[in-house]
>>> print(open('input-v2.cif').read())   # mmCIF, C-alpha atoms
data_upload
loop_
_atom_site.label_atom_id
_atom_site.label_comp_id
_atom_site.auth_asym_id
_atom_site.auth_seq_id
_atom_site.Cartn_x
_atom_site.Cartn_y
_atom_site.Cartn_z
CA MET H 16 140.96 97.24 93.24
CA VAL H 17 138.35 97.08 90.46
CA LEU H 18 135.57 94.54 90.80
CA SER H 19 134.17 92.70 87.82
CA GLN H 20 130.41 92.84 87.18
CA ARG H 21 130.10 89.36 88.76
CA ASP H 22 132.09 90.45 91.84
CA THR H 23 129.94 93.58 92.14
CA ALA H 24 126.72 91.58 91.87
CA GLU H 25 127.94 88.99 94.39
CA ALA H 26 128.97 91.75 96.81
CA ALA H 27 125.53 93.36 96.48
CA SER H 28 123.88 89.99 97.01
CA MET H 29 125.97 89.45 100.15
CA LEU H 30 125.03 92.91 101.45
CA LEU H 31 121.33 92.34 100.82
CA THR H 32 120.86 88.68 101.74
CA GLY H 33 124.07 87.44 103.37
CA PHE H 34 124.55 85.02 100.44
CA PRO H 35 125.70 85.39 96.80
CA ASP H 36 122.49 83.66 95.60
CA ILE H 37 120.90 86.59 93.75
CA ALA H 38 123.98 87.60 91.76
CA ASP H 39 122.56 86.01 88.60
CA ILE H 40 119.32 87.98 89.00
CA LEU H 41 121.33 91.18 89.34
CA LEU H 42 123.43 90.31 86.28
CA SER H 43 120.47 89.31 84.13
CA GLY H 44 120.28 92.82 82.70
CA ASN H 45 116.78 93.22 84.05
CA HIS H 46 116.90 92.56 87.76
CA SER H 47 113.62 94.39 88.23
CA GLN H 48 111.64 91.45 86.79
CA HIS H 49 111.02 90.12 90.30
CA LEU H 50 109.24 93.40 91.08
CA ARG H 51 106.63 93.12 88.30
CA ASN H 52 103.13 93.14 89.74
CA THR H 53 104.32 94.66 93.00
CA VAL H 54 103.90 98.21 94.23
CA TYR H 55 107.61 98.63 93.45
CA ALA H 56 106.91 98.17 89.73
CA SER H 57 105.63 101.72 89.68
CA TYR H 58 109.11 102.87 90.76
CA PHE H 59 110.39 101.42 87.47
CA GLY H 60 107.62 102.94 85.39
CA LEU H 61 105.90 99.57 85.04
CA PRO H 62 102.12 99.25 85.34
CA VAL H 63 100.57 97.64 88.41
CA ASP H 64 97.25 95.89 87.83
CA TRP H 65 95.81 96.14 91.33
CA GLU H 66 92.50 94.47 90.42
CA THR H 67 93.72 91.20 88.94
CA ILE H 68 96.71 90.27 91.08
CA ASP H 69 96.85 88.33 94.32
CA LYS H 70 97.43 90.46 97.41
CA GLN H 71 99.84 89.89 100.27
CA ASP H 72 99.28 90.91 103.86
CA LYS H 73 102.25 93.30 103.75
CA VAL H 74 101.09 96.93 103.66
CA LEU H 75 102.95 99.96 102.27
CA ASP H 76 101.53 103.46 102.61
CA GLY H 77 98.10 102.00 103.34
CA SER H 78 98.09 99.77 100.23
CA LYS H 79 98.51 96.01 100.19
CA ILE H 80 101.54 94.87 98.22
CA PRO H 81 100.78 92.23 95.59
CA LYS H 82 102.91 89.12 95.28
CA PRO H 83 105.72 89.27 92.71
CA LEU H 84 105.36 87.17 89.55
CA VAL H 85 108.77 85.58 90.11
CA ASP H 86 108.75 83.10 92.99
CA LEU H 87 111.39 84.33 95.42
CA PRO H 88 112.01 83.39 99.03
CA SER H 89 110.58 86.12 101.26
CA GLU H 90 114.07 86.94 102.61
CA VAL H 91 115.32 87.62 99.08
CA PHE H 92 112.27 89.67 98.12
CA ASP H 93 112.60 91.69 101.34
CA ALA H 94 116.30 92.29 100.63
CA LEU H 95 115.67 93.38 97.05
CA THR H 96 113.00 95.84 98.15
CA SER H 97 115.04 97.30 101.00
CA ALA H 98 116.10 100.95 100.93
CA LYS H 99 119.32 99.69 102.52
CA GLY H 100 120.20 98.19 99.15
CA SER H 101 118.95 101.06 97.00
CA PRO H 102 117.42 104.44 97.79
CA LEU H 103 115.10 103.72 94.85
CA MET H 104 113.20 101.35 97.16
CA ALA H 105 112.49 103.95 99.86
CA ASN H 106 108.78 104.22 100.59
CA ASN H 107 108.95 108.00 100.87
CA ILE H 108 111.44 110.21 99.04
CA ARG H 109 109.76 113.56 99.61
CA GLY H 110 112.08 116.06 101.22
CA THR H 111 115.17 114.59 99.57
CA PRO H 112 117.68 117.40 98.99
CA PRO H 113 118.87 118.34 95.49
CA THR H 114 120.50 115.20 94.15
CA PHE H 115 123.27 114.45 91.67
CA ILE H 116 123.18 110.89 90.36
CA VAL H 117 126.26 109.42 88.70
CA THR H 118 125.67 106.30 86.60
CA ALA H 119 128.11 104.27 84.54
CA GLU H 120 127.28 102.70 81.20
CA PHE H 121 128.83 99.34 82.13
CA ASP H 122 127.42 99.11 85.66
CA PRO H 123 124.78 96.50 86.52
CA TYR H 124 123.09 99.17 88.65
CA ARG H 125 122.89 101.86 85.98
CA ASP H 126 119.15 101.48 85.45
CA ASP H 127 118.49 101.83 89.18
CA GLY H 128 120.04 105.30 89.00
CA VAL H 129 117.87 106.23 86.03
CA PHE H 130 114.69 104.99 87.74
CA TYR H 131 115.64 106.75 90.98
CA ALA H 132 116.11 110.03 89.08
CA GLN H 133 112.66 109.58 87.55
CA ARG H 134 111.11 108.96 90.98
CA LEU H 135 112.83 112.05 92.38
CA GLN H 136 111.62 114.17 89.47
CA ALA H 137 108.07 112.86 89.93
CA SER H 138 108.30 113.93 93.59
CA ARG H 139 109.50 117.39 92.49
CA VAL H 140 113.00 116.88 93.89
CA SER H 141 115.72 118.74 92.01
CA VAL H 142 117.86 116.05 90.39
CA LYS H 143 120.68 115.90 87.86
CA LEU H 144 121.52 112.56 86.26
CA VAL H 145 124.70 112.04 84.25
CA ASN H 146 125.65 108.71 82.68
CA TYR H 147 129.37 108.23 82.07
CA ARG H 148 130.91 105.72 79.67
CA SER H 149 132.62 103.74 82.39
CA TYR H 150 132.24 100.94 84.96
CA HIS H 151 130.92 100.56 88.52
CA GLY H 152 133.15 102.40 90.98
CA PHE H 153 135.03 104.42 88.37
CA LEU H 154 134.65 107.63 90.35
CA ASN H 155 136.10 106.02 93.49
CA VAL H 156 139.34 105.08 91.74
CA GLU H 157 139.92 108.44 90.06
CA TYR H 158 143.16 109.04 91.97
CA GLU H 159 144.48 105.48 92.16
CA GLY H 160 147.32 105.16 89.67
CA PRO H 161 146.67 103.36 86.39
CA LEU H 162 142.90 103.33 86.88
CA LYS H 163 142.57 107.07 86.39
CA SER H 164 140.44 108.06 83.44
CA GLU H 165 139.15 111.19 81.74
CA GLU H 166 135.60 110.00 82.54
CA GLY H 167 136.49 109.79 86.23
CA ALA H 168 138.08 113.23 86.18
CA ARG H 169 135.04 114.67 84.38
CA ALA H 170 132.62 113.03 86.82
CA PHE H 171 134.62 114.35 89.78
CA ARG H 172 134.53 117.89 88.33
CA ASP H 173 130.78 117.54 87.67
CA VAL H 174 130.09 116.50 91.27
CA ILE H 175 132.12 119.44 92.63
CA THR H 176 130.33 121.87 90.28
CA PHE H 177 126.94 120.49 91.35
CA LEU H 178 127.79 120.86 95.05
CA LYS H 179 129.05 124.41 94.54
CA ASP H 180 125.86 125.31 92.64
CA VAL H 181 123.63 123.86 95.39
CA MET H 182 125.56 125.68 98.11
CA THR H 183 125.44 128.96 96.16
CA GLN H 184 121.68 128.57 95.66
CA GLU H 185 121.20 127.91 99.39
CA ASP H 186 123.21 131.04 100.23
CA GLU H 187 121.09 133.10 97.82
CA ASP H 188 117.88 131.66 99.28
CA GLU H 189 118.96 132.69 102.79
CA SER H 190 119.67 136.27 101.69
#
>>> encode(input="input-v2.cif", output="structure tokens")
Amino acid sequence: MVLSQRDTAEAASMLLTGFPDIADILLSGNHSQHLRNTVYASYFGLPVDWETIDKQDKVLDGSKIPKPLVDLPSEVFDALTSAKGSPLMANNIRGTPPTFIVTAEFDPYRDDGVFYAQRLQASRVSVKLVNYRSYHGFLNVEYEGPLKSEEGARAFRDVITFLKDVMTQEDEDES
């Protein structure tokens, strides 16, 4: 079963908040807007003006987190900044093992993968990012009948090659 972008966004909204309410934010093409002027903006390469913004009582890594510019219910903001919804939102990513990130050109979450790769690189984590011309979940359906695609086959081969390379490197490091 292939989900449409709307179905994918509604499923993510349900996972994060228990309601489909934030699907439109996720589909807006820039669902990071709600994170402007928060500590999370730095995860997206956006500036954070710590001196001119209002501060919240919530603390992250010893720093107060400023209020977002977009007025969101606290439950929604908490869901959107949860590592449960995206590893990009994790407070600490140091120690993450070598990582292969698969993104799809027509996936509403593509940019999250790009930003996560940038965060990993900034933390000196070995990361490989490959964007495929496909849709969300394309790799999962690689062996399901008419949904097979050359992009899915290529992505599957790339993942296997990456895992083999990491395992080979670990074996060499132990020697």
>>> atom_distance(input="input-v2.cif", atom1="CA of Ala137 in chain H", atom2="CA of Ser101 in chain H")
17.5 Å
>>> resolve_selection(input="input-v2.cif", expression="the PyMOL selection byres ((chain H and resi 108) around 10)", output="list in words")
Pro102, Leu103, Met104, Ala105, Asn106, Asn107, Arg109, Gly110, Thr111, Pro112, Tyr131, Arg134, Leu135, Ser138, Arg139 and Val140 of chain H
>>> closest_residue(input="input-v2.cif", among="H:Ile40, H:Ala119, H:Glu185, H:Asp127", to="Ala170 in chain H", atoms="all atoms listed in the file")
H:Ala119
>>> atom_distance(input="input-v2.cif", atom1="CA of Asp186 in chain H", atom2="CA of Asp173 in chain H")
19.9 Å
>>> atom_distance(input="input-v2.cif", atom1="CA of Thr176 in chain H", atom2="CA of Ser190 in chain H")
21.2 Å
>>> residues_around(input="input-v2.cif", residues="Ser28 in chain H", least_positions_apart="2", cutoff="12 Å", atoms="all atoms listed in the file", output="PyMOL selection string")
chain H and resi 21-26+30-42+46+90-92+94-95+100
>>> write_last_selection(input="input-v2.cif", atoms="C-alpha atoms", output="PDB file, in the frame of the given file")
ATOM      1  CA  ARG H  21     130.100  89.360  88.760  1.00  0.00           C
ATOM      2  CA  ASP H  22     132.090  90.450  91.840  1.00  0.00           C
ATOM      3  CA  THR H  23     129.940  93.580  92.140  1.00  0.00           C
ATOM      4  CA  ALA H  24     126.720  91.580  91.870  1.00  0.00           C
ATOM      5  CA  GLU H  25     127.940  88.990  94.390  1.00  0.00           C
ATOM      6  CA  ALA H  26     128.970  91.750  96.810  1.00  0.00           C
ATOM      7  CA  LEU H  30     125.030  92.910 101.450  1.00  0.00           C
ATOM      8  CA  LEU H  31     121.330  92.340 100.820  1.00  0.00           C
ATOM      9  CA  THR H  32     120.860  88.680 101.740  1.00  0.00           C
ATOM     10  CA  GLY H  33     124.070  87.440 103.370  1.00  0.00           C
ATOM     11  CA  PHE H  34     124.550  85.020 100.440  1.00  0.00           C
ATOM     12  CA  PRO H  35     125.700  85.390  96.800  1.00  0.00           C
ATOM     13  CA  ASP H  36     122.490  83.660  95.600  1.00  0.00           C
ATOM     14  CA  ILE H  37     120.900  86.590  93.750  1.00  0.00           C
ATOM     15  CA  ALA H  38     123.980  87.600  91.760  1.00  0.00           C
ATOM     16  CA  ASP H  39     122.560  86.010  88.600  1.00  0.00           C
ATOM     17  CA  ILE H  40     119.320  87.980  89.000  1.00  0.00           C
ATOM     18  CA  LEU H  41     121.330  91.180  89.340  1.00  0.00           C
ATOM     19  CA  LEU H  42     123.430  90.310  86.280  1.00  0.00           C
ATOM     20  CA  HIS H  46     116.900  92.560  87.760  1.00  0.00           C
ATOM     21  CA  GLU H  90     114.070  86.940 102.610  1.00  0.00           C
ATOM     22  CA  VAL H  91     115.320  87.620  99.080  1.00  0.00           C
ATOM     23  CA  PHE H  92     112.270  89.670  98.120  1.00  0.00           C
ATOM     24  CA  ALA H  94     116.300  92.290 100.630  1.00  0.00           C
ATOM     25  CA  LEU H  95     115.670  93.380  97.050  1.00  0.00           C
ATOM     26  CA  GLY H 100     120.200  98.190  99.150  1.00  0.00           C
TER      27      GLY H 100
END
>>> residues_around(input="input-v2.cif", residues="Glu165 in chain H", least_positions_apart="6", cutoff="12 Å", atoms="all atoms listed in the file", output="JSON, numbers by chain")
{"H": [147, 148, 149, 153, 154, 156, 157, 158, 171, 172]}
>>> residues_around(input="input-v2.cif", residues="Asp122 in chain H", least_positions_apart="6", cutoff="8 Å", atoms="all atoms listed in the file", output="ChimeraX atom specification")
/H:20,149-151
>>> write_last_selection(input="input-v2.cif", atoms="C-alpha atoms", output="tab-separated table (two decimals), in the coordinates of the input")
chain	number	residue	atom	x	y	z
H	20	GLN	CA	130.41	92.84	87.18
H	149	SER	CA	132.62	103.74	82.39
H	150	TYR	CA	132.24	100.94	84.96
H	151	HIS	CA	130.92	100.56	88.52
>>> resolve_selection(input="input-v2.cif", expression="the PyMOL selection byres ((chain H and resi 129) around 12)", output="PyMOL selection string")
chain H and resi 58-60+102-103+115-120+122-128+130-136+142-146
>>> write_last_selection(input="input-v2.cif", atoms="C-alpha atoms", output="compact mmCIF listing (two decimals), in the frame of the given file")
# COMPACT_ATOMS: atom_id res chain seq x y z
CA TYR H 58 109.11 102.87 90.76
CA PHE H 59 110.39 101.42 87.47
CA GLY H 60 107.62 102.94 85.39
CA PRO H 102 117.42 104.44 97.79
CA LEU H 103 115.10 103.72 94.85
CA PHE H 115 123.27 114.45 91.67
CA ILE H 116 123.18 110.89 90.36
CA VAL H 117 126.26 109.42 88.70
CA THR H 118 125.67 106.30 86.60
CA ALA H 119 128.11 104.27 84.54
CA GLU H 120 127.28 102.70 81.20
CA ASP H 122 127.42 99.11 85.66
CA PRO H 123 124.78 96.50 86.52
CA TYR H 124 123.09 99.17 88.65
CA ARG H 125 122.89 101.86 85.98
CA ASP H 126 119.15 101.48 85.45
CA ASP H 127 118.49 101.83 89.18
CA GLY H 128 120.04 105.30 89.00
CA PHE H 130 114.69 104.99 87.74
CA TYR H 131 115.64 106.75 90.98
CA ALA H 132 116.11 110.03 89.08
CA GLN H 133 112.66 109.58 87.55
CA ARG H 134 111.11 108.96 90.98
CA LEU H 135 112.83 112.05 92.38
CA GLN H 136 111.62 114.17 89.47
CA VAL H 142 117.86 116.05 90.39
CA LYS H 143 120.68 115.90 87.86
CA LEU H 144 121.52 112.56 86.26
CA VAL H 145 124.70 112.04 84.25
CA ASN H 146 125.65 108.71 82.68
